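Everything below concerns the one structure shown next.
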Amino acid sequence: MIPEALALSAVLFTIGTIGVLTRRNAIVIFMCVELMLNAVNLTFVALSKLYGVTGQVFVVFVMTVAAAEAAVGLAIIIAIFRHGQTVNLKNINLLKG
Amino acid sequence: MTALVAQVAAPSRILNLARPGELSLAIAPDLVLCGGAMLLLLYAAWRPESVAHQRRVGVGAMAVALATLVAVVLVSFLGWSSSGGPVAVDGFRWASDVIFLLAAIVAIGLAMDYNAREGITAPESHVLILFATVGMMIMAAARDLMVLFLGIETMSVAVYVLVGMNRRSARSAEGALKYFLLGAFSTAFLLYGIALVYGATGSTNLSVIGGRISALSLLESPMLLVGVALLFVGFGFKVAAAPFHMWAPDVYEGAPTPITAWMAAAVKAAAFAAFLRLLIEAFGHLYMAWHDALWWLAAITMFVGNLVALQQRNLKRMLAYSSIGHTGFLLVAATSATPQAAGAFLFYLLAYTLATMGAFAVIMALGSGEQPRENVEDFHGLWNERPGLAVAMTVFMLAMLGFPIFGGMGFFAKWYVLQAALDAVAPQTRLAVMLVLATTISAGYYLHVVMVMFMKPRPEMAPPLPAPGQMARAVIVATVVLLLAFGVFPDPAVRWARSGTQLVPAMPAAAAIPAPAGQ
């Protein structure tokens with residue numbers, strides 16, 4: 001059971017990574033990051049079956065932090081939408097060197 | 001001096017962190033800062049937003065940071081230590097805390113001037129700097145991956161907001177978005193790395209991990225090695241090491257200048273402090289496995305940062321690339337992985353923090369609301385109009401270059417890093433040569449700034465420069481004086497940095513790492 005869970009979470013993490021690298025919509029990228037975090041959560045839960053409760057405690061912290069990050073992140077996305085009426089990273093390119 | 005301290009702290013206590021009372025003693029300075037910041041946040045929300053209120057909260061935030069600094073210094077003289085447990089109680093932690101708190105005080109001072117000028121009335125910007133500093137102090141203390149993760153996130157979430165603090169600026173919002181997306185992305189890598197290390201060793205405590213790696217001979221465990229590699233990627237993003245540095249120039253350019261200064265100094269320092277502790281305490285036995293990775297990271301980062309900085313016309317971007325170059329120099333110290341290197345690392349961080357914050361303060365002092373004046377052309381002939389600023393900027397540039405005497409501490413900083421690299425058990429001779437070469441390249445842009453200030457004429461139609469704000473002036477004077485004073489009398493700074501070396505503990509006996517000789 002544990003190897004399967006670890007493999008699944010590795011697959012999910014990879015999907016999330018590919019999503020972040022290929023998508024250009026800020027909200028979709030953010031969703032992919034959340035997918036990566038939840039893949040890690042699955043790893044922690046699976047491992048805590050081997051090592052006891054630490055992994056599950058970690059998951060609670062990760063979820064709390066992810067919620068805080070979502071609050072700040074969505075606020076930033078709204079702020080940028082107000083400036084350019086877009087959340088597509090292709091159109092957000094004031095900063096170039 | 002050291003003997004005196006040893007006497008005062010004669011019954012140096014070993015705290016038992018399993019007891020709540022002793023744990024709260026161990027994190028007392030962090031609690032002071034955290035509590036002070038929360039009270040200040042209440043006060044900030046108490047009155048309507050205005051420039052005057054913003055200044056009042058700024059003064060309060062500086063006072064809280066100063067009180068914490070006093071607490072840190074007091075606790076560091078008590079000579080406490082801990083055995084195991086989730087937080088470290090050692091000199092490395094206190095020495096790093098001093099850097100974070102100094103940087104926070106300077107940044108709050110600069111932000112007070114900047115906010116007043118740009119019409120940012122939000123008083124919570126100062127409180128957010130304090131909250132991020134809480135995160136940094138937790139990172140420097142973390143001896144458990146869980147605590148480390150929470151510290152990183154406490155810091156990062158506050159910094160995401162601070163980058164976007166100037167809500168009227170589209171550049172600020174863009175910088176915040178880029179920093180947020182890449183920060184969250186790197187956090188995911190870091191976290192997966194933590195999960196795999198936990199999976200391989202069965203613990204999140206750094207010393208337990210270190211012990212199990214050698215006891216269970218996990219040197220070849222693929223799960224552990226993949227986990228360590230992911231942690232390297234995560235920290236590579238956080239400290240802006242090439243090839244994970246792409247976000248840094250954009251974010252540094254977009255963020256409000258005081259926040260840029262503070263990010264380049266303190267945020268980077270915090271990530272480095274946590275990284276160094278992780279490398280030495282948990283993965284010391286894996287030295288052979290990560291040495292090559294870190295070696296390449298250091299080599300690439302030094303050259304990419306300094307070469308790309310040569311082409312920059314915007315000074316904030318130039319300093320962003322130069323800070324990537326400095327990341328490379330700090331990675332050289334990390335690659336050496338000896339107690340001596342930890343001391344060199346702390347000394348370098350102090351010199352770099354002072355020079356960076358000073359240089360950004362000069363950039364801020366030149367700009368005004370409508371005209372940011374961040375390009376090299378804006379510095380032409382500065383000597384004729386504002387000789388004081390020109391001289392200060394020269395000191396900062398020479399300090400970053402590592403020039404003797406006129407560069408103050410900068411020279412000794414580079415010297416100690418080189419010495420640590422050459423004295424390591426596996427001497428990093430090639431890295432040391434590369435460090436010198438990269439420094440030579442960096443002269444190309446540092447000296448260019450100095451040259452245009454003194455030798456180019458001021459453009460004829462240039463509007464007069466605004467008078468620098470009080471806080472900016474105080475910061476510039478203080479950083480110049482400190483840089484030059486420690487350049488002539490480096491002893492106090494060296495002693496301070498050494499207090500951090502004795503206590504980077506649990507240096508692995510295995511691998512190729514020696515006992516600290518002649519310290």
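Residue numbering restarts at 1 in every chain; chains get A, B, ... in the order shown in the structure tokens, and ligands count up from 1 in that same order.
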
Env of Ile76 of chain A: 7 Å cut, atoms = only C-alpha atoms, seq-sep filter 3 positions within chain, self excluded. Answer as a PDB file with N, CA, C and O atoms, in the first residue's frame.
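File produced: result_15.pdb:
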```pdb
ATOM      1  N   VAL A  72      -2.960  35.310   0.581  1.00  0.00           N
ATOM      2  CA  VAL A  72      -2.073  36.360   0.083  1.00  0.00           C
ATOM      3  C   VAL A  72      -1.969  36.306  -1.438  1.00  0.00           C
ATOM      4  O   VAL A  72      -2.036  37.318  -2.133  1.00  0.00           O
ATOM      5  N   GLY A  73      -1.847  35.084  -1.969  1.00  0.00           N
ATOM      6  CA  GLY A  73      -1.647  34.932  -3.406  1.00  0.00           C
ATOM      7  C   GLY A  73      -2.830  35.438  -4.210  1.00  0.00           C
ATOM      8  O   GLY A  73      -2.655  36.164  -5.192  1.00  0.00           O
ATOM      9  N   ALA A  79      -4.788  42.228  -7.285  1.00  0.00           N
ATOM     10  CA  ALA A  79      -4.102  43.514  -7.454  1.00  0.00           C
ATOM     11  C   ALA A  79      -3.566  43.653  -8.871  1.00  0.00           C
ATOM     12  O   ALA A  79      -3.674  44.714  -9.493  1.00  0.00           O
ATOM     13  N   ILE A  80      -3.004  42.559  -9.398  1.00  0.00           N
ATOM     14  CA  ILE A  80      -2.412  42.674 -10.736  1.00  0.00           C
ATOM     15  C   ILE A  80      -3.513  42.742 -11.789  1.00  0.00           C
ATOM     16  O   ILE A  80      -3.377  43.433 -12.798  1.00  0.00           O
TER      17      ILE A  80
ATOM     18  N   ALA B 173       3.214  45.370  -8.319  1.00  0.00           N
ATOM     19  CA  ALA B 173       2.293  44.236  -8.346  1.00  0.00           C
ATOM     20  C   ALA B 173       2.877  43.092  -9.154  1.00  0.00           C
ATOM     21  O   ALA B 173       2.777  41.917  -8.770  1.00  0.00           O
ATOM     22  N   ALA B 176       5.480  41.363  -7.169  1.00  0.00           N
ATOM     23  CA  ALA B 176       4.871  40.536  -6.128  1.00  0.00           C
ATOM     24  C   ALA B 176       4.346  39.236  -6.720  1.00  0.00           C
ATOM     25  O   ALA B 176       4.521  38.158  -6.143  1.00  0.00           O
ATOM     26  N   LEU B 177       3.695  39.319  -7.896  1.00  0.00           N
ATOM     27  CA  LEU B 177       3.138  38.105  -8.502  1.00  0.00           C
ATOM     28  C   LEU B 177       4.255  37.121  -8.849  1.00  0.00           C
ATOM     29  O   LEU B 177       4.156  35.928  -8.538  1.00  0.00           O
TER      30      LEU B 177
END
```

(request) Compute the chain A side of the contact with chain B at 7 Å, counting only C-alpha atoms, and hand it back as a PyMOL selection string. (result) chain A and resi 30+33+36-37+40+43-44+47+51+58+65+69+72-73+76-77+79-80+83+92+94-97

(message) Considering only C-alpha atoms, can you say which of B:Gly236, B:Gly500, B:Gly305, B:Gly444 comes closest to Thr338 of chain B?
(response)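 Selected residue with least distance to Thr338 of chain B: B:Gly500.
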
(message) For segment 494-499 of chain B, find every residue with an atom within 7 Å (counting only C-alpha atoms), except residues of its own chain fewer than 6 positions away, and show them as an NGL selection string.
(response) :B and (91 or 95 or 343 or 346-347)

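Compared by their closest atoms to Glu34 of chain A, and using only C-alpha atoms, the residues A:Ala5, A:Ala46, A:Ile78, A:Ala70 rank with A:Ala70 nearest.
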
(request) Could you tell me how far atom CA of Gly325 of chain B lies from atom CA of Lys90 of chain A, in Å and to one decimal? (result)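 Going from atom CA of Gly325 of chain B over to atom CA of Lys90 of chain A covers 28.5 Å.
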
Segment 13-18 of chain A: which residues within 7 Å, counting only C-alpha atoms, same-chain residues fewer than 3 positions away excluded, as an mmCIF file with all heavy atoms, in the first residue's frame?
```cif
data_model
loop_
_atom_site.group_PDB
_atom_site.id
_atom_site.type_symbol
_atom_site.label_atom_id
_atom_site.label_comp_id
_atom_site.auth_asym_id
_atom_site.auth_seq_id
_atom_site.Cartn_x
_atom_site.Cartn_y
_atom_site.Cartn_z
ATOM 1 N N SER A 9 1.862 9.871 -5.355
ATOM 2 C CA SER A 9 2.161 11.261 -5.021
ATOM 3 C C SER A 9 3.301 11.787 -5.887
ATOM 4 O O SER A 9 3.310 12.958 -6.253
ATOM 5 C CB SER A 9 2.480 11.407 -3.536
ATOM 6 O OG SER A 9 3.659 10.736 -3.226
ATOM 7 N N ALA A 10 4.241 10.916 -6.257
ATOM 8 C CA ALA A 10 5.301 11.369 -7.167
ATOM 9 C C ALA A 10 4.711 11.777 -8.507
ATOM 10 O O ALA A 10 5.090 12.798 -9.092
ATOM 11 C CB ALA A 10 6.341 10.268 -7.361
ATOM 12 N N LEU A 21 5.243 24.819 -15.204
ATOM 13 C CA LEU A 21 6.214 25.230 -16.218
ATOM 14 C C LEU A 21 5.571 25.528 -17.566
ATOM 15 O O LEU A 21 6.109 26.305 -18.345
ATOM 16 C CB LEU A 21 7.277 24.137 -16.390
ATOM 17 C CG LEU A 21 8.138 23.905 -15.146
ATOM 18 C CD1 LEU A 21 9.086 22.751 -15.357
ATOM 19 C CD2 LEU A 21 8.906 25.159 -14.785
ATOM 20 N N THR A 22 4.407 24.911 -17.849
ATOM 21 C CA THR A 22 3.856 25.093 -19.189
ATOM 22 C C THR A 22 2.693 26.074 -19.238
ATOM 23 O O THR A 22 2.460 26.673 -20.283
ATOM 24 C CB THR A 22 3.370 23.756 -19.771
ATOM 25 O OG1 THR A 22 2.415 23.211 -18.857
ATOM 26 C CG2 THR A 22 4.516 22.782 -19.947
ATOM 27 N N CYS A 32 -1.707 24.580 -9.819
ATOM 28 C CA CYS A 32 -0.711 23.515 -9.981
ATOM 29 C C CYS A 32 0.205 23.444 -8.765
ATOM 30 O O CYS A 32 0.601 22.356 -8.331
ATOM 31 C CB CYS A 32 0.111 23.743 -11.242
ATOM 32 S SG CYS A 32 -0.844 23.543 -12.745
ATOM 33 N N VAL A 33 0.546 24.616 -8.206
ATOM 34 C CA VAL A 33 1.371 24.617 -6.997
ATOM 35 C C VAL A 33 0.612 23.923 -5.863
ATOM 36 O O VAL A 33 1.183 23.122 -5.109
ATOM 37 C CB VAL A 33 1.757 26.059 -6.598
ATOM 38 C CG1 VAL A 33 2.404 26.070 -5.231
ATOM 39 C CG2 VAL A 33 2.692 26.665 -7.615
ATOM 40 N N LEU A 35 -1.540 21.620 -6.186
ATOM 41 C CA LEU A 35 -1.502 20.184 -6.470
ATOM 42 C C LEU A 35 -0.192 19.585 -5.969
ATOM 43 O O LEU A 35 -0.164 18.504 -5.358
ATOM 44 C CB LEU A 35 -1.646 19.965 -7.981
ATOM 45 C CG LEU A 35 -1.652 18.503 -8.433
ATOM 46 C CD1 LEU A 35 -2.822 17.775 -7.810
ATOM 47 C CD2 LEU A 35 -1.716 18.409 -9.941
ATOM 48 N N MET A 36 0.914 20.326 -6.189
ATOM 49 C CA MET A 36 2.209 19.840 -5.715
ATOM 50 C C MET A 36 2.201 19.701 -4.194
ATOM 51 O O MET A 36 2.696 18.710 -3.641
ATOM 52 C CB MET A 36 3.326 20.801 -6.150
ATOM 53 C CG MET A 36 3.573 20.826 -7.637
ATOM 54 S SD MET A 36 4.542 22.248 -8.151
ATOM 55 C CE MET A 36 6.172 21.711 -7.697
ATOM 56 N N ALA A 39 0.271 16.706 -3.200
ATOM 57 C CA ALA A 39 1.034 15.477 -3.470
ATOM 58 C C ALA A 39 1.979 15.211 -2.312
ATOM 59 O O ALA A 39 2.115 14.065 -1.842
ATOM 60 C CB ALA A 39 1.811 15.633 -4.775
#
```
